[in-house]
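Printed here is input38.cif (mmCIF, C-alpha atoms and all ligand atoms):
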data_query
loop_
_atom_site.label_atom_id
_atom_site.label_comp_id
_atom_site.auth_asym_id
_atom_site.auth_seq_id
_atom_site.Cartn_x
_atom_site.Cartn_y
_atom_site.Cartn_z
CA MET A 1 12.65 -11.70 -2.38
CA THR A 2 11.04 -8.32 -1.84
CA THR A 3 9.03 -6.87 -4.69
CA ALA A 4 9.19 -3.42 -6.20
CA GLN A 5 6.77 -1.04 -4.58
CA ALA A 6 6.73 2.72 -4.05
CA ASP A 7 6.55 3.68 -0.38
CA ASN A 8 3.47 4.73 1.56
CA ILE A 9 0.80 3.35 -0.77
CA THR A 10 -1.99 2.00 1.38
CA MET A 11 -5.74 2.25 0.96
CA SER A 12 -7.98 2.76 3.99
CA GLY A 13 -8.09 -0.45 6.01
CA GLY A 14 -10.71 -2.46 7.87
CA GLY A 15 -13.03 -2.67 4.83
CA LEU A 16 -13.30 1.14 4.79
CA TYR A 17 -11.78 1.19 1.30
CA SER A 18 -14.77 -0.51 -0.31
CA LEU A 19 -17.28 1.40 1.80
CA ALA A 20 -15.73 4.73 0.78
CA THR A 21 -15.29 3.94 -2.89
CA ILE A 22 -18.69 3.08 -4.29
CA GLY A 23 -17.52 4.60 -7.58
CA ALA A 24 -14.75 2.01 -7.92
CA LYS A 25 -17.40 -0.70 -7.81
CA ASP A 26 -19.34 1.11 -10.55
CA VAL A 27 -16.15 1.07 -12.63
CA ILE A 28 -15.80 -2.71 -12.14
CA ASP A 29 -19.48 -3.36 -12.82
CA LEU A 30 -19.09 -1.60 -16.16
CA ALA A 31 -16.28 -4.03 -17.03
CA THR A 32 -18.27 -7.16 -16.23
CA PRO A 33 -19.58 -7.83 -19.79
CA ARG A 34 -16.01 -7.42 -21.07
CA VAL A 35 -14.72 -9.97 -18.55
CA LEU A 36 -17.48 -12.46 -19.39
CA GLU A 37 -16.78 -12.02 -23.08
CA ALA A 38 -13.06 -12.65 -22.51
CA LEU A 39 -13.97 -15.82 -20.62
CA THR A 40 -16.27 -17.26 -23.30
CA PRO A 41 -13.68 -18.94 -25.58
CA LEU A 42 -11.92 -20.37 -22.52
CA LEU A 43 -15.13 -22.13 -21.48
CA GLU A 44 -14.81 -24.29 -24.57
CA SER A 45 -11.07 -24.87 -24.47
CA ASN A 46 -10.44 -25.52 -20.78
CA GLN A 47 -11.41 -28.89 -19.37
CA GLY A 48 -9.51 -28.69 -16.08
CA GLN A 49 -8.96 -26.40 -13.09
CA TRP A 50 -9.53 -22.66 -13.39
CA ASN A 51 -7.02 -20.03 -12.26
CA PHE A 52 -8.08 -16.44 -11.89
CA CYS A 53 -6.29 -13.48 -10.36
CA ASP A 54 -7.49 -10.09 -9.11
CA MET A 55 -4.41 -7.84 -9.06
CA GLY A 56 -4.50 -4.78 -6.79
CA CYS A 57 -7.64 -6.13 -5.14
CA ALA A 58 -7.48 -3.93 -1.95
CA ASP A 59 -10.08 -5.41 0.45
CA GLY A 60 -11.85 -7.27 -2.36
CA GLY A 61 -15.24 -5.69 -1.64
CA THR A 62 -15.59 -3.83 -4.92
CA SER A 63 -15.06 -6.91 -7.11
CA LEU A 64 -17.23 -9.45 -5.25
CA GLU A 65 -20.07 -9.06 -7.71
CA LEU A 66 -17.77 -9.47 -10.70
CA TRP A 67 -16.29 -12.73 -9.40
CA ARG A 68 -19.76 -14.01 -8.49
CA LYS A 69 -20.75 -13.55 -12.14
CA VAL A 70 -17.55 -15.08 -13.49
CA ILE A 71 -17.89 -18.18 -11.28
CA ASN A 72 -21.57 -18.50 -12.11
CA ARG A 73 -20.69 -18.46 -15.79
CA VAL A 74 -17.97 -21.09 -15.34
CA ARG A 75 -20.35 -23.29 -13.37
CA GLN A 76 -22.79 -23.37 -16.31
CA THR A 77 -20.35 -25.63 -18.15
CA SER A 78 -17.68 -26.79 -15.70
CA ALA A 79 -17.63 -28.36 -12.24
CA SER A 80 -13.82 -28.17 -12.03
CA ASP A 81 -11.99 -26.53 -9.15
CA ILE A 82 -11.71 -22.76 -9.33
CA GLN A 83 -8.92 -20.79 -7.70
CA VAL A 84 -9.10 -17.01 -7.35
CA VAL A 85 -5.85 -15.41 -6.23
CA TYR A 86 -6.36 -12.01 -4.65
CA ALA A 87 -3.08 -10.13 -5.00
CA ASP A 88 -2.02 -6.77 -3.69
CA GLN A 89 1.15 -5.17 -2.40
CA ALA A 90 2.38 -6.50 0.93
CA ARG A 91 1.20 -3.50 2.97
CA ASN A 92 -2.41 -4.06 1.92
CA ASP A 93 -4.97 -4.84 4.62
CA PHE A 94 -5.28 -8.56 3.87
CA ASN A 95 -7.14 -9.11 7.11
CA ALA A 96 -10.00 -6.99 5.76
CA LEU A 97 -9.85 -8.94 2.48
CA ILE A 98 -10.06 -12.32 4.25
CA GLN A 99 -12.92 -11.19 6.46
CA ILE A 100 -14.89 -9.81 3.51
CA LEU A 101 -14.35 -12.95 1.41
CA HIS A 102 -15.28 -15.26 4.27
CA GLY A 103 -18.47 -13.44 5.18
CA HIS A 104 -17.42 -11.77 8.44
CA THR A 105 -18.62 -8.34 7.31
CA GLU A 106 -21.72 -6.76 5.83
CA PHE A 107 -20.41 -7.42 2.30
CA ASN A 108 -22.27 -10.12 0.39
CA THR A 109 -19.56 -12.68 -0.37
CA TYR A 110 -20.08 -15.27 -3.11
CA LEU A 111 -18.14 -18.06 -1.38
CA PRO A 112 -21.05 -19.90 0.29
CA GLU A 113 -22.83 -20.09 -3.08
CA PHE A 114 -20.30 -22.39 -4.78
CA GLU A 115 -18.45 -25.63 -4.20
CA HIS A 116 -14.79 -26.22 -5.08
CA VAL A 117 -13.87 -22.55 -5.11
CA SER A 118 -10.62 -21.59 -3.32
CA VAL A 119 -9.67 -18.02 -2.61
CA LEU A 120 -6.02 -17.32 -1.85
CA ALA A 121 -4.28 -14.08 -0.89
CA SER A 122 -0.91 -13.01 -2.29
CA GLY A 123 1.23 -10.09 -1.16
CA SER A 124 3.16 -9.99 -4.44
CA SER A 125 3.31 -6.74 -6.33
CA PHE A 126 2.18 -6.70 -9.96
CA TYR A 127 5.75 -5.59 -10.68
CA ALA A 128 6.78 -9.18 -9.93
CA GLN A 129 5.64 -12.59 -11.06
CA THR A 130 2.74 -13.57 -8.82
CA LEU A 131 1.60 -16.91 -10.26
CA PRO A 132 3.44 -19.90 -11.73
CA ALA A 133 4.27 -19.76 -15.42
CA ASP A 134 1.57 -20.84 -17.89
CA SER A 135 -1.07 -21.17 -15.17
CA LEU A 136 -3.39 -18.17 -15.48
CA HIS A 137 -6.66 -18.30 -17.43
CA LEU A 138 -7.92 -14.84 -16.69
CA GLY A 139 -6.17 -11.98 -14.94
CA PHE A 140 -8.13 -8.95 -13.85
CA SER A 141 -7.11 -5.62 -12.39
CA ALA A 142 -9.07 -2.47 -11.71
CA THR A 143 -7.88 1.01 -10.79
CA ALA A 144 -4.48 -0.12 -9.53
CA MET A 145 -1.76 0.01 -12.19
CA HIS A 146 -1.46 3.80 -12.11
CA TRP A 147 0.68 3.28 -8.98
CA LEU A 148 4.28 3.34 -10.20
CA SER A 149 6.96 1.00 -8.87
CA ARG A 150 8.87 4.05 -7.63
CA LYS A 151 8.67 7.82 -7.63
CA PRO A 152 11.17 8.84 -10.33
CA CYS A 153 11.47 12.42 -9.03
CA ASN A 154 9.57 14.94 -6.99
CA ILE A 155 7.40 17.18 -9.14
CA SER A 156 8.48 20.74 -8.54
CA ASN A 157 5.22 22.60 -9.17
CA HIS A 158 2.48 20.07 -8.41
CA VAL A 159 1.51 16.92 -6.49
CA HIS A 160 0.63 14.86 -9.60
CA MET A 161 1.99 14.24 -13.09
CA VAL A 162 -1.21 15.62 -14.63
CA GLY A 163 -0.03 19.09 -13.58
CA ALA A 164 3.71 18.60 -13.98
CA GLU A 165 5.87 20.88 -16.10
CA GLU A 166 7.65 19.40 -19.12
CA LYS A 167 10.87 18.20 -17.46
CA ASP A 168 9.18 16.28 -14.63
CA ALA A 169 6.41 15.05 -16.96
CA VAL A 170 9.01 13.47 -19.24
CA THR A 171 10.71 11.75 -16.28
CA PHE A 172 7.37 10.35 -15.09
CA ALA A 173 6.46 9.20 -18.62
CA ALA A 174 9.72 7.25 -18.89
CA GLN A 175 9.10 5.53 -15.54
CA ALA A 176 5.53 4.70 -16.55
CA ARG A 177 6.64 3.26 -19.88
CA SER A 178 9.13 0.96 -18.20
CA ASP A 179 6.64 -0.02 -15.44
CA TRP A 180 3.87 -0.85 -17.92
CA GLU A 181 6.24 -3.09 -19.83
CA THR A 182 7.31 -4.82 -16.59
CA ILE A 183 3.68 -5.45 -15.60
CA LEU A 184 2.87 -6.92 -19.00
CA LEU A 185 5.96 -9.12 -19.23
CA HIS A 186 5.21 -10.75 -15.86
CA ARG A 187 1.63 -11.37 -16.94
CA ALA A 188 2.82 -12.84 -20.25
CA ARG A 189 4.79 -15.42 -18.28
CA GLU A 190 1.86 -16.26 -15.98
CA LEU A 191 -0.81 -16.55 -18.68
CA LYS A 192 -1.63 -19.76 -20.46
CA VAL A 193 -1.71 -19.55 -24.24
CA GLY A 194 -5.22 -18.29 -25.01
CA GLY A 195 -5.45 -16.77 -21.51
CA LYS A 196 -6.79 -13.25 -21.14
CA LEU A 197 -6.18 -10.09 -19.19
CA VAL A 198 -8.88 -7.55 -18.56
CA LEU A 199 -7.22 -4.44 -17.20
CA ILE A 200 -9.08 -1.31 -16.21
CA ASN A 201 -6.77 1.57 -15.54
CA PHE A 202 -7.03 5.27 -14.93
CA CYS A 203 -6.14 7.15 -18.10
CA ARG A 204 -6.02 10.50 -19.80
CA ASP A 205 -8.64 10.13 -22.50
CA GLN A 206 -8.68 11.56 -26.02
CA GLN A 207 -10.47 14.67 -24.74
CA GLY A 208 -7.82 15.29 -22.08
CA ARG A 209 -10.10 14.18 -19.25
CA TYR A 210 -8.82 12.23 -16.25
CA LEU A 211 -9.87 11.40 -12.71
CA GLY A 212 -11.46 14.45 -11.10
CA ASN A 213 -10.99 16.55 -14.24
CA THR A 214 -14.03 16.21 -16.45
CA GLY A 215 -15.21 19.78 -16.75
CA GLY A 216 -15.68 21.11 -13.21
CA ILE A 217 -13.04 21.92 -10.61
CA ASN A 218 -9.79 20.06 -11.27
CA MET A 219 -9.38 17.84 -8.20
CA PHE A 220 -5.59 17.50 -8.54
CA ASP A 221 -5.12 21.24 -8.97
CA ASN A 222 -7.13 21.66 -5.81
CA PHE A 223 -5.01 19.13 -3.88
CA ASN A 224 -2.00 21.11 -5.01
CA ALA A 225 -3.47 24.55 -4.29
CA ILE A 226 -4.28 23.63 -0.70
CA TRP A 227 -0.77 22.27 -0.01
CA GLN A 228 0.73 25.36 -1.67
CA GLN A 229 -1.36 27.51 0.65
CA PHE A 230 -0.06 25.49 3.63
CA LEU A 231 3.45 26.12 2.30
CA ALA A 232 2.86 29.85 1.84
CA ASP A 233 1.44 30.06 5.38
CA GLY A 234 4.51 28.29 6.79
CA GLU A 235 2.44 25.30 7.95
CA ILE A 236 4.69 22.92 5.99
CA ASP A 237 8.17 23.45 4.60
CA GLN A 238 9.49 23.17 1.04
CA ALA A 239 10.89 19.66 1.55
CA GLU A 240 7.50 18.47 2.78
CA TYR A 241 5.69 20.07 -0.16
CA ASP A 242 8.14 18.42 -2.56
CA ALA A 243 7.58 15.02 -0.94
CA MET A 244 3.80 15.24 -1.52
CA THR A 245 4.33 14.08 -5.14
CA LEU A 246 2.03 11.11 -5.81
CA PRO A 247 3.89 8.17 -7.45
CA GLN A 248 1.21 7.72 -10.09
CA TYR A 249 0.92 8.01 -13.86
CA TYR A 250 -2.17 8.11 -16.05
CA ASN A 251 -1.34 6.65 -19.43
CA SER A 252 -3.07 7.74 -22.61
CA VAL A 253 -4.66 5.12 -24.89
CA ASP A 254 -1.60 5.37 -27.14
CA GLU A 255 0.77 4.80 -24.22
CA PHE A 256 -1.18 1.74 -23.06
CA SER A 257 -1.33 0.35 -26.60
CA ALA A 258 2.24 1.03 -27.76
CA PRO A 259 4.10 -2.06 -26.46
CA LEU A 260 1.20 -4.31 -27.46
CA LEU A 261 1.21 -3.05 -31.05
CA ASP A 262 4.92 -2.59 -31.71
CA GLN A 263 6.09 -5.87 -33.24
CA LYS A 264 9.65 -5.18 -32.13
CA SER A 265 8.78 -4.71 -28.45
CA ALA A 266 9.55 -7.36 -25.82
CA VAL A 267 5.86 -7.31 -24.85
CA TYR A 268 4.67 -8.10 -28.37
CA GLN A 269 7.32 -10.77 -28.71
CA SER A 270 6.17 -12.33 -25.43
CA GLY A 271 2.91 -13.13 -27.23
CA LEU A 272 0.61 -10.51 -25.75
CA ARG A 273 -1.90 -8.95 -28.16
CA LEU A 274 -4.29 -6.08 -27.61
CA ILE A 275 -7.77 -7.32 -28.44
CA ASP A 276 -9.57 -4.13 -27.60
CA ILE A 277 -9.16 -0.82 -25.74
CA ASP A 278 -11.86 1.69 -24.95
CA THR A 279 -12.30 4.56 -22.51
CA ALA A 280 -15.24 5.43 -20.28
CA VAL A 281 -16.21 8.06 -17.75
CA VAL A 282 -18.02 6.81 -14.65
CA PRO A 283 -19.68 9.66 -12.77
CA CYS A 284 -18.78 10.50 -9.18
CA PRO A 285 -21.59 8.90 -7.17
CA PHE A 286 -21.38 11.53 -4.43
CA ALA A 287 -21.72 14.47 -6.85
CA ALA A 288 -24.59 12.65 -8.58
CA ASP A 289 -26.34 12.19 -5.20
CA TYR A 290 -25.78 15.84 -4.39
CA ARG A 291 -27.60 16.88 -7.55
CA GLN A 292 -30.61 15.04 -6.12
CA HIS A 293 -30.46 15.91 -2.41
CA GLN A 294 -28.89 19.41 -2.74
CA ASP A 295 -27.37 19.18 0.76
CA ALA A 296 -23.85 20.61 0.39
CA GLY A 297 -22.78 19.58 3.91
CA LYS A 298 -23.80 15.96 3.29
CA PHE A 299 -21.99 15.99 -0.07
CA SER A 300 -18.79 17.30 1.52
CA ARG A 301 -18.90 14.69 4.31
CA GLU A 302 -19.47 11.83 1.86
CA TYR A 303 -17.06 12.96 -0.84
CA ILE A 304 -13.88 13.66 1.15
CA PRO A 305 -13.49 10.07 2.52
CA THR A 306 -13.29 8.71 -1.03
CA ILE A 307 -10.34 11.01 -1.73
CA ARG A 308 -8.70 10.24 1.61
CA SER A 309 -8.98 6.49 1.04
CA TRP A 310 -6.24 6.58 -1.61
CA ASN A 311 -4.04 9.61 -1.03
CA GLU A 312 -3.88 10.12 2.73
CA SER A 313 -1.03 7.66 3.19
CA ILE A 314 1.11 9.51 0.61
CA PHE A 315 0.42 12.95 2.04
CA TYR A 316 0.98 11.75 5.61
CA GLY A 317 4.24 10.16 4.44
CA GLY A 318 5.29 13.49 2.89
CA LEU A 319 5.23 15.24 6.27
CA SER A 320 8.56 15.34 8.07
CA THR A 321 9.27 12.49 10.46
CA SER A 322 10.80 15.07 12.80
CA ARG A 323 7.22 16.09 13.58
CA SER A 324 5.33 14.16 16.24
CA ALA A 325 2.71 11.71 15.01
CA ALA A 326 0.06 13.91 16.62
CA ASP A 327 1.32 16.95 14.70
CA ARG A 328 1.28 15.08 11.39
CA THR A 329 -2.22 13.78 12.06
CA HIS A 330 -3.39 17.27 12.99
CA LEU A 331 -2.03 18.74 9.73
CA ILE A 332 -3.67 15.99 7.69
CA GLU A 333 -7.00 16.60 9.43
CA ARG A 334 -6.72 20.32 8.68
CA TYR A 335 -5.82 19.63 5.06
CA TYR A 336 -8.87 17.48 4.38
CA GLY A 337 -10.93 19.77 6.60
CA GLU A 338 -10.05 22.65 4.26
CA TYR A 339 -11.03 20.61 1.19
CA GLN A 340 -14.30 19.66 2.90
CA ARG A 341 -14.99 23.28 3.83
CA GLN A 342 -14.53 24.35 0.20
CA VAL A 343 -16.97 21.70 -1.00
CA ALA A 344 -19.52 22.56 1.69
CA ASP A 345 -19.28 26.31 0.98
CA ASN A 346 -19.32 26.04 -2.79
CA PRO A 347 -20.18 22.51 -3.99
CA GLN A 348 -20.63 23.43 -7.64
CA GLY A 349 -18.10 21.70 -9.89
CA HIS A 350 -16.62 19.42 -7.20
CA GLY A 351 -16.58 15.67 -7.78
CA MET A 352 -14.33 12.80 -8.76
CA ASP A 353 -15.59 11.35 -12.02
CA TYR A 354 -13.55 8.28 -12.95
CA VAL A 355 -11.86 8.17 -16.37
CA HIS A 356 -10.61 4.71 -17.30
CA ALA A 357 -9.15 2.74 -20.17
CA TYR A 358 -10.78 -0.70 -20.43
CA MET A 359 -8.48 -3.22 -22.10
CA THR A 360 -8.67 -6.85 -23.15
CA ILE A 361 -5.36 -8.56 -23.89
CA GLU A 362 -4.69 -12.13 -25.00
CA ARG A 363 -1.60 -14.33 -24.94
CA VAL A 364 -1.31 -16.00 -28.31
C1 LIG A 401 -7.71 2.18 -5.78
S1 LIG A 401 -7.31 0.58 -5.17
C2 LIG A 401 -8.26 -0.44 -6.27
C3 LIG A 401 -8.86 -1.63 -5.56
C4 LIG A 401 -9.80 -2.45 -6.39
N1 LIG A 401 -9.11 -3.13 -7.46
C5 LIG A 401 -10.91 -1.61 -6.96
O1 LIG A 401 -10.93 -1.37 -8.17
O2 LIG A 401 -11.76 -1.15 -6.20
C6 LIG A 401 -5.65 0.35 -5.77
C7 LIG A 401 -4.99 -0.90 -5.21
O3 LIG A 401 -3.77 -1.12 -5.90
C8 LIG A 401 -2.86 -1.62 -4.95
N2 LIG A 401 -1.49 -1.51 -5.47
C9 LIG A 401 -0.73 -0.41 -5.64
N3 LIG A 401 0.47 -0.75 -6.11
C10 LIG A 401 0.47 -2.11 -6.26
C11 LIG A 401 1.42 -3.04 -6.71
N4 LIG A 401 2.61 -2.66 -7.13
N5 LIG A 401 1.07 -4.35 -6.75
C12 LIG A 401 -0.15 -4.75 -6.35
N6 LIG A 401 -1.10 -3.90 -5.91
C13 LIG A 401 -0.79 -2.60 -5.86
C14 LIG A 401 -3.11 -0.78 -3.73
O4 LIG A 401 -2.54 -1.39 -2.58
C15 LIG A 401 -4.62 -0.78 -3.73
O5 LIG A 401 -5.14 -1.84 -3.01
#

Represent the supplied structure as structure tokens.
Amino acid sequence: MTTAQADNITMSGGGLYSLATIGAKDVIDLATPRVLEALTPLLESNQGQWNFCDMGCADGGTSLELWRKVINRVRQTSASDIQVVYADQARNDFNALIQILHGHTEFNTYLPEFEHVSVLASGSSFYAQTLPADSLHLGFSATAMHWLSRKPCNISNHVHMVGAEEKDAVTFAAQARSDWETILLHRARELKVGGKLVLINFCRDQQGRYLGNTGGINMFDNFNAIWQQFLADGEIDQAEYDAMTLPQYYNSVDEFSAPLLDQKSAVYQSGLRLIDIDTAVVPCPFAADYRQHQDAGKFSREYIPTIRSWNESIFYGGLSTSRSAADRTHLIERYYGEYQRQVADNPQGHGMDYVHAYMTIERV
């Protein structure tokens, strides 16, 4: 069976994802107390094997520290076998994941520190059941579930739903509502009674902030403005501009909470309950560094790879396949080169602060 997955979503491979996205690790580190708290009641109730899952794990580098802490905590009271399933969509660079976990890179893996810990890789999408029913103690996911199962339409005026006009915004919201429910229903089946989910997802917070839009230059408007300039200059055509739409949605706190609070919803009836939801802004580490070193060129060279790591595959995929690969690559280089030039020339206000909803969910 193939699993639902929008096309062209791949992070940078070869461990580059984790090297380029220090901020994503900061986001996970902030969630660690929440994960340990979710685990605490399970330490008393579970006498047997432990099953954990990291959904949308990419190369696994950003969550190593989290899982080290979780396993350490389990080992304080239990010597039972622990299984951590690292799941991501099938196009993920699982080779990088395996090498990082097994200590073949500069990342500091936790595996040699523990006995009876198995790590397994799964290419199942979170839009499908990944684990056997009633088996999961704690499921975790960070910065992944904003990727929709499909692009419901091209956005006519923008590359992202955060800038979409009403009609396209409504279409994206409907897709996101259905996708969120699908994700939760699969997890409800996998979780044991009393099992927990800690999900950290990009959001639009109560002050209207979202990734790359926390007061300075709006990163998504800038992505769009540069492609629109390419379009106006005849560098790309209308069909290519249209295809640049990112298949993502940033839910609000209300949108995340709705199916977990509505007693009539299939999600509520599956036994899932929202324990807690909060939002947090994690500052862009590259912009923070820049404020110290004041070297605009260095900032621009460090900042652009973090953006590229997650949207290059979509933008590359938007370019016509009638172009040669070299032509597509050249356009992509010029696109990010233009963004980098803008940051180097005028760094003020650039940066990609992370805005997340942090959720704990229980199956009762
Ligand atoms: C920004 S990375 C986050 C990686 C890591 N969790 C972190 O926080 O650093 C998003 C990940 O979600 C994965 N992803 C996107 N859609 C997915 C799906 N339907 N099922 C599983 N993983 C998916 C991508 O392949 C990518 O590895």

May I have a table of the residues of chain A lying at most 8 Å from ligand LIG 401 (chain A), giving each one's closest pair of atoms and their distance in Å to one decimal, counting all atoms listed in the file, ordered by chain and ascending residue number, as JSON lines?
{"residue": "A:Ala4", "atom": "CA", "partner": "A:LIG401", "partner_atom": "N4", "distance": 6.7}
{"residue": "A:Gln5", "atom": "CA", "partner": "A:LIG401", "partner_atom": "N4", "distance": 5.1}
{"residue": "A:Ala6", "atom": "CA", "partner": "A:LIG401", "partner_atom": "N4", "distance": 7.4}
{"residue": "A:Ile9", "atom": "CA", "partner": "A:LIG401", "partner_atom": "O4", "distance": 6.1}
{"residue": "A:Thr10", "atom": "CA", "partner": "A:LIG401", "partner_atom": "O4", "distance": 5.2}
{"residue": "A:Met11", "atom": "CA", "partner": "A:LIG401", "partner_atom": "C15", "distance": 5.7}
{"residue": "A:Tyr17", "atom": "CA", "partner": "A:LIG401", "partner_atom": "O2", "distance": 7.9}
{"residue": "A:Ser18", "atom": "CA", "partner": "A:LIG401", "partner_atom": "O2", "distance": 6.6}
{"residue": "A:Thr21", "atom": "CA", "partner": "A:LIG401", "partner_atom": "O2", "distance": 7.0}
{"residue": "A:Ala24", "atom": "CA", "partner": "A:LIG401", "partner_atom": "O2", "distance": 4.7}
{"residue": "A:Lys25", "atom": "CA", "partner": "A:LIG401", "partner_atom": "O2", "distance": 5.9}
{"residue": "A:Val27", "atom": "CA", "partner": "A:LIG401", "partner_atom": "O1", "distance": 7.3}
{"residue": "A:Ile28", "atom": "CA", "partner": "A:LIG401", "partner_atom": "O1", "distance": 6.4}
{"residue": "A:Asp54", "atom": "CA", "partner": "A:LIG401", "partner_atom": "N1", "distance": 7.3}
{"residue": "A:Met55", "atom": "CA", "partner": "A:LIG401", "partner_atom": "C12", "distance": 5.9}
{"residue": "A:Gly56", "atom": "CA", "partner": "A:LIG401", "partner_atom": "N6", "distance": 3.6}
{"residue": "A:Cys57", "atom": "CA", "partner": "A:LIG401", "partner_atom": "N1", "distance": 4.1}
{"residue": "A:Ala58", "atom": "CA", "partner": "A:LIG401", "partner_atom": "O5", "distance": 3.3}
{"residue": "A:Asp59", "atom": "CA", "partner": "A:LIG401", "partner_atom": "O5", "distance": 7.0}
{"residue": "A:Gly60", "atom": "CA", "partner": "A:LIG401", "partner_atom": "C4", "distance": 6.6}
{"residue": "A:Gly61", "atom": "CA", "partner": "A:LIG401", "partner_atom": "O2", "distance": 7.3}
{"residue": "A:Thr62", "atom": "CA", "partner": "A:LIG401", "partner_atom": "O2", "distance": 4.8}
{"residue": "A:Ser63", "atom": "CA", "partner": "A:LIG401", "partner_atom": "O2", "distance": 6.7}
{"residue": "A:Ala87", "atom": "CA", "partner": "A:LIG401", "partner_atom": "C12", "distance": 6.3}
{"residue": "A:Asp88", "atom": "CA", "partner": "A:LIG401", "partner_atom": "N6", "distance": 3.7}
{"residue": "A:Gln89", "atom": "CA", "partner": "A:LIG401", "partner_atom": "C12", "distance": 4.2}
{"residue": "A:Ala90", "atom": "CA", "partner": "A:LIG401", "partner_atom": "C12", "distance": 7.9}
{"residue": "A:Arg91", "atom": "CA", "partner": "A:LIG401", "partner_atom": "O4", "distance": 7.0}
{"residue": "A:Asn92", "atom": "CA", "partner": "A:LIG401", "partner_atom": "O4", "distance": 5.2}
{"residue": "A:Gly123", "atom": "CA", "partner": "A:LIG401", "partner_atom": "C12", "distance": 7.6}
{"residue": "A:Ser124", "atom": "CA", "partner": "A:LIG401", "partner_atom": "N5", "distance": 6.4}
{"residue": "A:Ser125", "atom": "CA", "partner": "A:LIG401", "partner_atom": "N5", "distance": 3.3}
{"residue": "A:Phe126", "atom": "CA", "partner": "A:LIG401", "partner_atom": "N5", "distance": 4.1}
{"residue": "A:Tyr127", "atom": "CA", "partner": "A:LIG401", "partner_atom": "N4", "distance": 5.6}
{"residue": "A:Ser141", "atom": "CA", "partner": "A:LIG401", "partner_atom": "N1", "distance": 5.9}
{"residue": "A:Ala142", "atom": "CA", "partner": "A:LIG401", "partner_atom": "O1", "distance": 4.1}
{"residue": "A:Thr143", "atom": "CA", "partner": "A:LIG401", "partner_atom": "O1", "distance": 4.7}
{"residue": "A:Ala144", "atom": "CA", "partner": "A:LIG401", "partner_atom": "O3", "distance": 3.8}
{"residue": "A:Met145", "atom": "CA", "partner": "A:LIG401", "partner_atom": "N3", "distance": 6.5}
{"residue": "A:His146", "atom": "CA", "partner": "A:LIG401", "partner_atom": "C9", "distance": 7.8}
{"residue": "A:Trp147", "atom": "CA", "partner": "A:LIG401", "partner_atom": "N3", "distance": 5.0}
{"residue": "A:Leu148", "atom": "CA", "partner": "A:LIG401", "partner_atom": "N3", "distance": 6.9}
{"residue": "A:Ser149", "atom": "CA", "partner": "A:LIG401", "partner_atom": "N4", "distance": 5.9}
{"residue": "A:Trp310", "atom": "CA", "partner": "A:LIG401", "partner_atom": "C1", "distance": 6.2}

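Proximity of A:Gly195, A:Pro283, A:Pro259, A:Gly318 to A:Trp50, computed with all atoms listed in the file, is greatest for A:Gly195.
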
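Considering all atoms listed in the file, the residue among A:Leu64, A:Val193, A:Gly23, A:Lys298 positioned nearest to A:Ser45 is A:Val193.
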
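Candidate residues A:Gln340, A:Thr77, A:Thr279, A:Thr329 were compared for distance to A:Gly297, and the nearest is A:Gln340, using only C-alpha atoms.
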
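Residue neighbourhood of A:Arg273, excluding near-sequence residues (fewer than 4 positions): Leu260, Tyr268, Ile361, Glu362 and Arg363 of chain A, at 7 Å, using only C-alpha atoms.
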
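Taking all atoms listed in the file into account, A:Phe140 lies nearest to A:Asn201 out of the set A:Arg68, A:Asn201, A:Val364, A:Leu101.
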
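Atom CA of A:Pro41 lies 8.5 Å from atom CA of A:Gly194.
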
Self-check item: Option closest in space to A:Phe223, from A:Tyr110, A:Tyr250, A:Phe256, A:Tyr241 [counting only C-alpha atoms]
Solution: A:Tyr241

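Take atom CA of A:Met161 and atom CA of A:Phe220: the distance between them is 9.4 Å.
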
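With all atoms listed in the file as the atoms that count, the minimum distance from A:Glu333 to the choices A:Glu312, A:Asp26, A:Asp276, A:Glu165 is reached by A:Glu312.
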
Quiz prompt | Non-local contacts of A:Pro152 (10 Å; all atoms listed in the file; under 6 positions in same chain excluded) as a ChimeraX atom specification | solution = /A:6,168,171-176,247

Quiz prompt | Distance of atom CA of A:Met244 from atom CA of A:Cys203, expressed in Å to one decimal place | solution = 21.0 Å

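Excluding A:Lys69 itself and any same-chain residue fewer than 4 positions from it, the protein and nucleic acid residues within 10 Å of it, counting all atoms listed in the file, are A:Thr32, A:Pro33, A:Val35, A:Leu36, A:Leu64, A:Glu65, A:Arg73, A:Val74, A:Arg75, A:Tyr110.
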
Practice problem: Pick out the residues sitting within 12 Å of stretch 232-235 of chain A, and hand them over as a VMD selection string; count all atoms listed in the file, and ignore anything fewer than 6 positions along from it in its own chain. | Solution: chain A and resid 225 to 226 241 319 to 320 323 327 to 328 330 to 332 334 to 335

Self-check item: Non-local contacts of A:Arg341 (12 Å; only C-alpha atoms; under 3 positions in same chain excluded) as a PyMOL selection string
Solution: chain A and resi 226+296-301+303-304+333-338+344-347+350

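Point (-10.9, -16.5, -5.5) has the following residues at most 6 Å away: Gln83, Val84, Val85, Ser118 and Val119 of chain A (atoms considered: all atoms listed in the file).
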
Okay, now the selection with C-alpha atoms, as a compact mmCIF listing (two decimals), in the frame of the given file?
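File produced: result19.txt:
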# COMPACT_ATOMS: atom_id res chain seq x y z
CA GLN A 83 -8.92 -20.79 -7.70
CA VAL A 84 -9.10 -17.01 -7.35
CA VAL A 85 -5.85 -15.41 -6.23
CA SER A 118 -10.62 -21.59 -3.32
CA VAL A 119 -9.67 -18.02 -2.61

Quiz prompt | Neighbours of point (-16.9, -11.2, 2.8) within 10 Å, using all atoms listed in the file, written as a PyMOL selection string | solution = chain A and resi 15+59-61+64+96-112
